[in-house]
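Visitor: data05.txt is reproduced below (compact mmCIF, N, CA and C atoms).
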```txt
# COMPACT_ATOMS: atom_id res chain seq x y z
N MET A 1 36.94 -69.66 14.86
CA MET A 1 38.15 -70.27 15.37
C MET A 1 38.61 -69.46 16.57
N GLY A 2 38.91 -70.14 17.65
CA GLY A 2 39.39 -69.47 18.85
C GLY A 2 40.88 -69.19 18.77
N ILE A 3 41.34 -68.40 19.67
CA ILE A 3 42.76 -68.09 19.73
C ILE A 3 43.52 -69.38 20.01
N PHE A 4 44.48 -69.68 19.17
CA PHE A 4 45.31 -70.86 19.30
C PHE A 4 44.46 -72.12 19.50
N SER A 5 43.46 -72.31 18.66
CA SER A 5 42.65 -73.52 18.76
C SER A 5 43.52 -74.74 18.48
N LYS A 6 43.27 -75.81 19.20
CA LYS A 6 44.13 -76.99 19.14
C LYS A 6 43.95 -77.77 17.85
N LYS A 7 45.06 -78.09 17.19
CA LYS A 7 45.07 -78.98 16.04
C LYS A 7 45.37 -80.39 16.54
N LYS A 8 46.37 -80.49 17.36
CA LYS A 8 46.77 -81.74 18.00
C LYS A 8 47.45 -81.37 19.29
N LYS A 9 47.75 -82.34 20.10
CA LYS A 9 48.39 -82.05 21.37
C LYS A 9 49.70 -81.30 21.16
N ASP A 10 49.88 -80.25 21.92
CA ASP A 10 51.08 -79.43 21.89
C ASP A 10 51.28 -78.68 20.57
N ALA A 11 50.24 -78.47 19.79
CA ALA A 11 50.33 -77.68 18.57
C ALA A 11 49.09 -76.81 18.47
N ALA A 12 49.25 -75.63 17.91
CA ALA A 12 48.13 -74.71 17.79
C ALA A 12 48.34 -73.80 16.60
N SER A 13 47.25 -73.15 16.18
CA SER A 13 47.31 -72.21 15.08
C SER A 13 46.36 -71.07 15.35
N ASP A 14 46.74 -69.88 14.91
CA ASP A 14 45.89 -68.72 15.12
C ASP A 14 46.08 -67.77 13.96
N VAL A 15 44.98 -67.16 13.53
CA VAL A 15 45.05 -66.11 12.54
C VAL A 15 44.96 -64.80 13.29
N ILE A 16 45.95 -63.96 13.12
CA ILE A 16 45.99 -62.66 13.78
C ILE A 16 45.58 -61.64 12.73
N GLY A 17 44.40 -61.08 12.89
CA GLY A 17 43.86 -60.19 11.87
C GLY A 17 43.69 -60.99 10.60
N SER A 18 43.80 -60.37 9.47
CA SER A 18 43.73 -61.09 8.21
C SER A 18 45.10 -61.17 7.56
N GLN A 19 46.13 -60.72 8.30
CA GLN A 19 47.44 -60.60 7.70
C GLN A 19 48.50 -61.55 8.23
N LEU A 20 48.23 -62.25 9.31
CA LEU A 20 49.25 -63.11 9.90
C LEU A 20 48.63 -64.39 10.44
N ASN A 21 49.18 -65.51 10.03
CA ASN A 21 48.81 -66.81 10.57
C ASN A 21 50.00 -67.31 11.36
N VAL A 22 49.75 -67.74 12.59
CA VAL A 22 50.81 -68.22 13.46
C VAL A 22 50.49 -69.64 13.89
N SER A 23 51.39 -70.57 13.58
CA SER A 23 51.28 -71.93 14.06
C SER A 23 52.33 -72.12 15.12
N SER A 24 51.98 -72.83 16.17
CA SER A 24 52.95 -73.06 17.23
C SER A 24 52.96 -74.51 17.63
N SER A 25 54.09 -74.93 18.13
CA SER A 25 54.22 -76.29 18.65
C SER A 25 55.20 -76.25 19.83
N LYS A 26 55.10 -77.28 20.63
CA LYS A 26 55.93 -77.36 21.83
C LYS A 26 56.48 -78.78 21.94
N ASP A 27 57.76 -78.87 22.22
CA ASP A 27 58.41 -80.15 22.47
C ASP A 27 59.25 -79.98 23.72
N GLY A 28 58.71 -80.38 24.85
CA GLY A 28 59.38 -80.13 26.12
C GLY A 28 59.45 -78.64 26.38
N ALA A 29 60.66 -78.11 26.54
CA ALA A 29 60.85 -76.68 26.78
C ALA A 29 61.27 -75.95 25.51
N GLU A 30 61.06 -76.60 24.35
CA GLU A 30 61.36 -75.98 23.06
C GLU A 30 60.05 -75.58 22.39
N TYR A 31 59.91 -74.30 22.09
CA TYR A 31 58.71 -73.76 21.46
C TYR A 31 59.06 -73.29 20.06
N THR A 32 58.19 -73.59 19.11
CA THR A 32 58.39 -73.16 17.73
C THR A 32 57.16 -72.39 17.27
N PHE A 33 57.40 -71.23 16.67
CA PHE A 33 56.35 -70.43 16.06
C PHE A 33 56.66 -70.30 14.58
N GLU A 34 55.70 -70.67 13.73
CA GLU A 34 55.82 -70.51 12.28
C GLU A 34 54.89 -69.38 11.88
N LEU A 35 55.45 -68.35 11.25
CA LEU A 35 54.68 -67.18 10.87
C LEU A 35 54.46 -67.16 9.36
N GLU A 36 53.24 -66.83 8.97
CA GLU A 36 52.89 -66.73 7.55
C GLU A 36 52.13 -65.43 7.34
N GLY A 37 52.65 -64.58 6.47
CA GLY A 37 51.99 -63.32 6.18
C GLY A 37 52.85 -62.13 6.53
N ARG A 38 52.27 -61.20 7.30
CA ARG A 38 52.92 -59.93 7.61
C ARG A 38 53.01 -59.72 9.11
N LEU A 39 54.21 -59.40 9.58
CA LEU A 39 54.41 -59.01 10.98
C LEU A 39 54.64 -57.51 10.97
N ASP A 40 53.57 -56.77 11.28
CA ASP A 40 53.61 -55.32 11.15
C ASP A 40 52.91 -54.65 12.33
N THR A 41 52.62 -53.39 12.19
CA THR A 41 52.01 -52.62 13.27
C THR A 41 50.69 -53.23 13.72
N ASN A 42 49.93 -53.78 12.80
CA ASN A 42 48.63 -54.36 13.14
C ASN A 42 48.73 -55.72 13.82
N THR A 43 49.71 -56.50 13.46
CA THR A 43 49.79 -57.88 13.94
C THR A 43 50.81 -58.11 15.04
N SER A 44 51.79 -57.24 15.17
CA SER A 44 52.87 -57.49 16.12
C SER A 44 52.43 -57.47 17.59
N PRO A 45 51.47 -56.62 18.01
CA PRO A 45 51.12 -56.65 19.44
C PRO A 45 50.55 -57.99 19.89
N GLU A 46 49.68 -58.59 19.09
CA GLU A 46 49.11 -59.87 19.49
C GLU A 46 50.16 -60.98 19.42
N PHE A 47 51.02 -60.94 18.39
CA PHE A 47 52.08 -61.94 18.32
C PHE A 47 53.02 -61.80 19.52
N GLU A 48 53.34 -60.59 19.90
CA GLU A 48 54.20 -60.35 21.06
C GLU A 48 53.57 -60.97 22.31
N GLY A 49 52.27 -60.82 22.45
CA GLY A 49 51.58 -61.41 23.59
C GLY A 49 51.70 -62.93 23.61
N LYS A 50 51.57 -63.55 22.44
CA LYS A 50 51.68 -65.01 22.35
C LYS A 50 53.09 -65.47 22.71
N VAL A 51 54.09 -64.76 22.24
CA VAL A 51 55.48 -65.12 22.56
C VAL A 51 55.75 -64.92 24.05
N ASN A 52 55.24 -63.82 24.60
CA ASN A 52 55.48 -63.54 26.01
C ASN A 52 54.86 -64.59 26.92
N GLU A 53 53.81 -65.27 26.45
CA GLU A 53 53.18 -66.33 27.24
C GLU A 53 54.12 -67.51 27.46
N VAL A 54 55.07 -67.74 26.55
CA VAL A 54 55.93 -68.93 26.64
C VAL A 54 57.36 -68.62 27.03
N VAL A 55 57.77 -67.37 26.96
CA VAL A 55 59.18 -67.02 27.22
C VAL A 55 59.66 -67.50 28.58
N GLY A 56 58.83 -67.42 29.58
CA GLY A 56 59.24 -67.83 30.92
C GLY A 56 59.55 -69.30 31.04
N ASP A 57 58.92 -70.13 30.22
CA ASP A 57 59.11 -71.58 30.26
C ASP A 57 60.08 -72.10 29.21
N ALA A 58 60.39 -71.28 28.21
CA ALA A 58 61.16 -71.74 27.06
C ALA A 58 62.65 -71.80 27.36
N GLU A 59 63.25 -72.94 27.03
CA GLU A 59 64.71 -73.04 27.02
C GLU A 59 65.24 -72.75 25.62
N LYS A 60 64.37 -72.99 24.63
CA LYS A 60 64.70 -72.69 23.25
C LYS A 60 63.43 -72.20 22.57
N LEU A 61 63.54 -71.05 21.91
CA LEU A 61 62.43 -70.47 21.19
C LEU A 61 62.85 -70.33 19.73
N ILE A 62 62.10 -70.99 18.85
CA ILE A 62 62.41 -70.99 17.43
C ILE A 62 61.33 -70.22 16.69
N LEU A 63 61.74 -69.26 15.88
CA LEU A 63 60.82 -68.51 15.04
C LEU A 63 61.13 -68.86 13.59
N ASP A 64 60.17 -69.49 12.92
CA ASP A 64 60.34 -69.91 11.52
C ASP A 64 59.71 -68.85 10.62
N PHE A 65 60.53 -68.20 9.81
CA PHE A 65 60.07 -67.10 8.96
C PHE A 65 60.02 -67.50 7.48
N SER A 66 59.94 -68.79 7.17
CA SER A 66 59.96 -69.22 5.77
C SER A 66 58.77 -68.69 4.99
N LYS A 67 57.65 -68.44 5.66
CA LYS A 67 56.44 -67.95 4.98
C LYS A 67 56.08 -66.53 5.37
N LEU A 68 57.01 -65.85 6.05
CA LEU A 68 56.77 -64.46 6.43
C LEU A 68 57.14 -63.57 5.25
N ASP A 69 56.16 -62.84 4.73
CA ASP A 69 56.35 -62.02 3.54
C ASP A 69 56.90 -60.63 3.84
N TYR A 70 56.65 -60.16 5.06
CA TYR A 70 56.97 -58.76 5.37
C TYR A 70 57.17 -58.61 6.86
N ILE A 71 58.14 -57.80 7.24
CA ILE A 71 58.33 -57.43 8.64
C ILE A 71 58.59 -55.94 8.71
N SER A 72 57.87 -55.25 9.57
CA SER A 72 58.03 -53.80 9.73
C SER A 72 58.89 -53.52 10.95
N SER A 73 59.09 -52.24 11.21
CA SER A 73 59.85 -51.86 12.40
C SER A 73 59.15 -52.32 13.67
N ALA A 74 57.83 -52.39 13.66
CA ALA A 74 57.10 -52.90 14.82
C ALA A 74 57.41 -54.38 15.05
N GLY A 75 57.53 -55.14 13.98
CA GLY A 75 57.91 -56.54 14.09
C GLY A 75 59.33 -56.70 14.58
N LEU A 76 60.22 -55.85 14.10
CA LEU A 76 61.61 -55.89 14.56
C LEU A 76 61.70 -55.57 16.05
N ARG A 77 60.88 -54.64 16.50
CA ARG A 77 60.84 -54.29 17.92
C ARG A 77 60.43 -55.49 18.76
N VAL A 78 59.46 -56.26 18.28
CA VAL A 78 59.03 -57.47 19.00
C VAL A 78 60.19 -58.45 19.11
N LEU A 79 60.97 -58.58 18.05
CA LEU A 79 62.12 -59.49 18.08
C LEU A 79 63.16 -59.04 19.10
N LEU A 80 63.41 -57.74 19.17
CA LEU A 80 64.36 -57.23 20.16
C LEU A 80 63.87 -57.49 21.58
N GLY A 81 62.60 -57.25 21.81
CA GLY A 81 62.03 -57.50 23.13
C GLY A 81 62.08 -58.97 23.50
N THR A 82 61.83 -59.83 22.52
CA THR A 82 61.89 -61.27 22.76
C THR A 82 63.31 -61.69 23.09
N ALA A 83 64.27 -61.16 22.36
CA ALA A 83 65.68 -61.48 22.63
C ALA A 83 66.07 -61.04 24.04
N GLN A 84 65.62 -59.87 24.45
CA GLN A 84 65.92 -59.39 25.80
C GLN A 84 65.27 -60.29 26.85
N ALA A 85 64.04 -60.72 26.59
CA ALA A 85 63.34 -61.59 27.54
C ALA A 85 64.00 -62.96 27.64
N MET A 86 64.59 -63.44 26.56
CA MET A 86 65.23 -64.76 26.54
C MET A 86 66.66 -64.70 27.05
N ASP A 87 67.25 -63.52 27.13
CA ASP A 87 68.64 -63.37 27.52
C ASP A 87 68.89 -64.01 28.88
N GLY A 88 69.78 -64.97 28.90
CA GLY A 88 70.13 -65.66 30.13
C GLY A 88 69.19 -66.79 30.50
N LYS A 89 68.05 -66.89 29.82
CA LYS A 89 67.06 -67.94 30.13
C LYS A 89 67.11 -69.08 29.13
N GLY A 90 67.48 -68.74 27.90
CA GLY A 90 67.47 -69.76 26.86
C GLY A 90 67.91 -69.18 25.54
N GLU A 91 67.72 -69.96 24.50
CA GLU A 91 68.21 -69.62 23.17
C GLU A 91 67.07 -69.18 22.27
N LEU A 92 67.29 -68.10 21.53
CA LEU A 92 66.35 -67.63 20.51
C LEU A 92 66.97 -67.90 19.15
N VAL A 93 66.25 -68.63 18.31
CA VAL A 93 66.74 -68.98 16.98
C VAL A 93 65.72 -68.51 15.95
N ILE A 94 66.21 -67.87 14.91
CA ILE A 94 65.35 -67.50 13.79
C ILE A 94 65.76 -68.37 12.62
N ARG A 95 64.77 -69.03 12.02
CA ARG A 95 65.05 -69.99 10.93
C ARG A 95 64.37 -69.56 9.64
N ASN A 96 64.98 -69.97 8.56
CA ASN A 96 64.37 -69.92 7.23
C ASN A 96 63.85 -68.55 6.84
N LEU A 97 64.73 -67.55 6.88
CA LEU A 97 64.31 -66.21 6.48
C LEU A 97 63.86 -66.21 5.02
N SER A 98 62.67 -65.69 4.77
CA SER A 98 62.24 -65.50 3.39
C SER A 98 63.10 -64.38 2.80
N GLN A 99 63.14 -64.29 1.49
CA GLN A 99 63.99 -63.29 0.83
C GLN A 99 63.64 -61.87 1.25
N PRO A 100 62.36 -61.47 1.26
CA PRO A 100 62.06 -60.09 1.67
C PRO A 100 62.47 -59.79 3.12
N VAL A 101 62.29 -60.74 4.00
CA VAL A 101 62.65 -60.53 5.41
C VAL A 101 64.16 -60.54 5.56
N GLN A 102 64.85 -61.38 4.81
CA GLN A 102 66.31 -61.40 4.86
C GLN A 102 66.87 -60.04 4.43
N GLU A 103 66.27 -59.43 3.42
CA GLU A 103 66.73 -58.12 2.97
C GLU A 103 66.57 -57.07 4.07
N VAL A 104 65.45 -57.11 4.78
CA VAL A 104 65.24 -56.17 5.88
C VAL A 104 66.27 -56.41 6.99
N PHE A 105 66.53 -57.67 7.30
CA PHE A 105 67.52 -58.00 8.34
C PHE A 105 68.89 -57.47 7.94
N GLU A 106 69.26 -57.61 6.67
CA GLU A 106 70.57 -57.15 6.22
C GLU A 106 70.65 -55.62 6.24
N LEU A 107 69.59 -54.95 5.82
CA LEU A 107 69.59 -53.48 5.80
C LEU A 107 69.64 -52.88 7.21
N THR A 108 69.04 -53.55 8.16
CA THR A 108 68.97 -53.03 9.53
C THR A 108 70.08 -53.55 10.43
N GLY A 109 70.82 -54.54 9.96
CA GLY A 109 71.87 -55.14 10.78
C GLY A 109 71.36 -56.21 11.73
N PHE A 110 70.08 -56.55 11.62
CA PHE A 110 69.51 -57.58 12.49
C PHE A 110 70.12 -58.95 12.22
N ASN A 111 70.67 -59.15 11.03
CA ASN A 111 71.31 -60.43 10.72
C ASN A 111 72.54 -60.65 11.62
N ASN A 112 73.08 -59.58 12.19
CA ASN A 112 74.21 -59.71 13.11
C ASN A 112 73.80 -59.81 14.57
N LEU A 113 72.53 -59.59 14.85
CA LEU A 113 72.04 -59.59 16.23
C LEU A 113 71.47 -60.92 16.69
N PHE A 114 71.08 -61.75 15.74
CA PHE A 114 70.35 -62.97 16.07
C PHE A 114 71.06 -64.21 15.54
N HIS A 115 70.79 -65.33 16.19
CA HIS A 115 71.22 -66.63 15.69
C HIS A 115 70.25 -67.02 14.59
N ILE A 116 70.72 -67.03 13.35
CA ILE A 116 69.87 -67.33 12.20
C ILE A 116 70.34 -68.62 11.56
N GLU A 117 69.39 -69.51 11.36
CA GLU A 117 69.68 -70.80 10.70
C GLU A 117 69.01 -70.85 9.35
```
Once you've parsed the file, please lay out its structure as structure tokens.

Guide:
Amino acid sequence: MGIFSKKKKDAASDVIGSQLNVSSSKDGAEYTFELEGRLDTNTSPEFEGKVNEVVGDAEKLILDFSKLDYISSAGLRVLLGTAQAMDGKGELVIRNLSQPVQEVFELTGFNNLFHIE
């Protein structure tokens, strides 16, 4: 499977290492990434690269964490960088925090930094 191999028009999926599956879709200038697995030191650099590819065009960037089991400080750093890149360009929304990720957000105060749905 290639990086972001096409499932259908404007949708893609990629397995980053063996720990993170990322599905993406695009609707106009709205980009959605659904993460499944772990966003950690091993997976965050490649995920950051994928997000950085769309930040310049995105008016709205949605990160769906309903299937994200774990986020490390490296993953949190990617979120901060993404928020800085989107600042003034568009909206960053985090949706459907899984319970483990919600606990990390609450412990670190990230729940107060982001628009969470």

Visitor: As an MDAnalysis selection string, please: every residue in range 1-114 of chain A that DSSP puts in strand (DSSP E or B).

Guide: chainID A and resid 5:8 11:16 20:27 30:39 60:71 91:95

Visitor: Given the choices A:Leu35, A:Gln102, A:Met86, A:Glu46, which gets closest to Leu63 in chain A if the distance is worked out from all atoms listed in the file?

Guide: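 Checking each of A:Leu35, A:Gln102, A:Met86, A:Glu46 against Leu63 in chain A, counting all atoms listed in the file, the winner is A:Leu35.
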
Visitor: Could you go through chain A and tell me which residues DSSP, when run on the backbone, assigns to alpha helix (DSSP H), listing them as number ranges by chain?

Guide: A: 44-55, 73-86, 99-108

Visitor: Smallest atom-to-atom distance to Ser66 in chain A: which of A:Ala85, A:Val78, A:Ile94, A:Val51, using all atoms listed in the file?

Guide: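 Once distances to Ser66 in chain A are computed over all atoms listed in the file, the minimum belongs to A:Ile94.
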
Visitor: Which residue gives the smallest distance to Asp57 in chain A among A:Ala29, A:Asn111, A:Glu103, A:Leu92, with only N, CA and C atoms counted?

Guide: A:Ala29

Visitor: List every protein, DNA or RNA residue with an atom no more than 6 Å from (63.6, -71.1, 14.7) in the file's coordinates, counting only N, CA and C atoms, and format the result as a ChimeraX atom specification.

Guide: /A:61-64,93-95

Visitor: Any chance you can output those residues with N, CA and C atoms as a PDB file, keeping the file's coordinate frame?

Guide:
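In the end it all went to part-v7.pdb:
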```pdb
ATOM      1  N   LEU A  61      63.540 -71.050  21.910  1.00  0.00           N
ATOM      2  CA  LEU A  61      62.430 -70.470  21.190  1.00  0.00           C
ATOM      3  C   LEU A  61      62.850 -70.330  19.730  1.00  0.00           C
ATOM      4  N   ILE A  62      62.100 -70.990  18.850  1.00  0.00           N
ATOM      5  CA  ILE A  62      62.410 -70.990  17.430  1.00  0.00           C
ATOM      6  C   ILE A  62      61.330 -70.220  16.690  1.00  0.00           C
ATOM      7  N   LEU A  63      61.740 -69.260  15.880  1.00  0.00           N
ATOM      8  CA  LEU A  63      60.820 -68.510  15.040  1.00  0.00           C
ATOM      9  C   LEU A  63      61.130 -68.860  13.590  1.00  0.00           C
ATOM     10  N   ASP A  64      60.170 -69.490  12.920  1.00  0.00           N
ATOM     11  CA  ASP A  64      60.340 -69.910  11.520  1.00  0.00           C
ATOM     12  C   ASP A  64      59.710 -68.850  10.620  1.00  0.00           C
ATOM     13  N   VAL A  93      66.250 -68.630  18.310  1.00  0.00           N
ATOM     14  CA  VAL A  93      66.740 -68.980  16.980  1.00  0.00           C
ATOM     15  C   VAL A  93      65.720 -68.510  15.950  1.00  0.00           C
ATOM     16  N   ILE A  94      66.210 -67.870  14.910  1.00  0.00           N
ATOM     17  CA  ILE A  94      65.350 -67.500  13.790  1.00  0.00           C
ATOM     18  C   ILE A  94      65.760 -68.370  12.620  1.00  0.00           C
ATOM     19  N   ARG A  95      64.770 -69.030  12.020  1.00  0.00           N
ATOM     20  CA  ARG A  95      65.050 -69.990  10.930  1.00  0.00           C
ATOM     21  C   ARG A  95      64.370 -69.560   9.640  1.00  0.00           C
TER      22      ARG A  95
END
```

Visitor: Please compute the atom C of Leu107 in chain A-CA of Glu53 in chain A distance, one decimal, in Å.

Guide: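 CA of Glu53 in chain A lies 29.2 Å from atom C of Leu107 in chain A.
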
Visitor: Hey, what's within 6.5 Å of Ala58 in chain A if we count all atoms listed in the file and toss same-chain stuff fewer than 2 positions away? As a ChimeraX atom specification, please?

Guide: /A:29-31,54-56,60-61,89-91

Visitor: As JSON, what would the box around range 74-89 of chain A look like: edges along x, y and z, 8 Å added on every side, centre and edge lengths in Å to one decimal?

Guide:
```
{"center_x": 63.6, "center_y": -60.7, "center_z": 22.1, "size_x": 29.0, "size_y": 32.7, "size_z": 32.8}
```

Visitor: Here is a test: counting only C-alpha atoms, which residue of A:Gly37, A:Ser24, A:Glu59, A:Ser44 is nearest to Asp87 in chain A?

Guide: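 Using only C-alpha atoms, the shortest distance to Asp87 in chain A belongs to A:Glu59.
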
Visitor: If you measure from atom C of Gly28 in chain A to CA of Pro45 in chain A, what distance in Å do you get, rounded to one decimal?

Guide: 24.5 Å

Visitor: Between atom C of Asp40 in chain A and CA of Ile71 in chain A, what distance in Å does the model show, to one decimal?

Guide: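 Interatomic distance here is 7.1 Å.
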
Visitor: Contacts of Pro100 in chain A at 10 Å or less, counting only C-alpha atoms, minus same-chain residues fewer than 4 places along, as a list in words?

Guide: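 Here the qualifying residues turn out to be Leu68, Asp69, Tyr70, Ile71, Val104 and Phe105 of chain A.
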
Visitor: Using only N, CA and C atoms, which residue out of A:Ser73, A:Thr108, A:Ser98, A:Thr82 lies closest to Thr41 in chain A?

Guide: A:Ser73

Visitor: Using all atoms listed in the file, can you tell me which of A:Asn52, A:Glu106, A:Gln19, A:Ser25 comes closest to Arg38 in chain A?

Guide: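 Looking only at the distances to Arg38 in chain A, the closest residue turns out to be A:Gln19.
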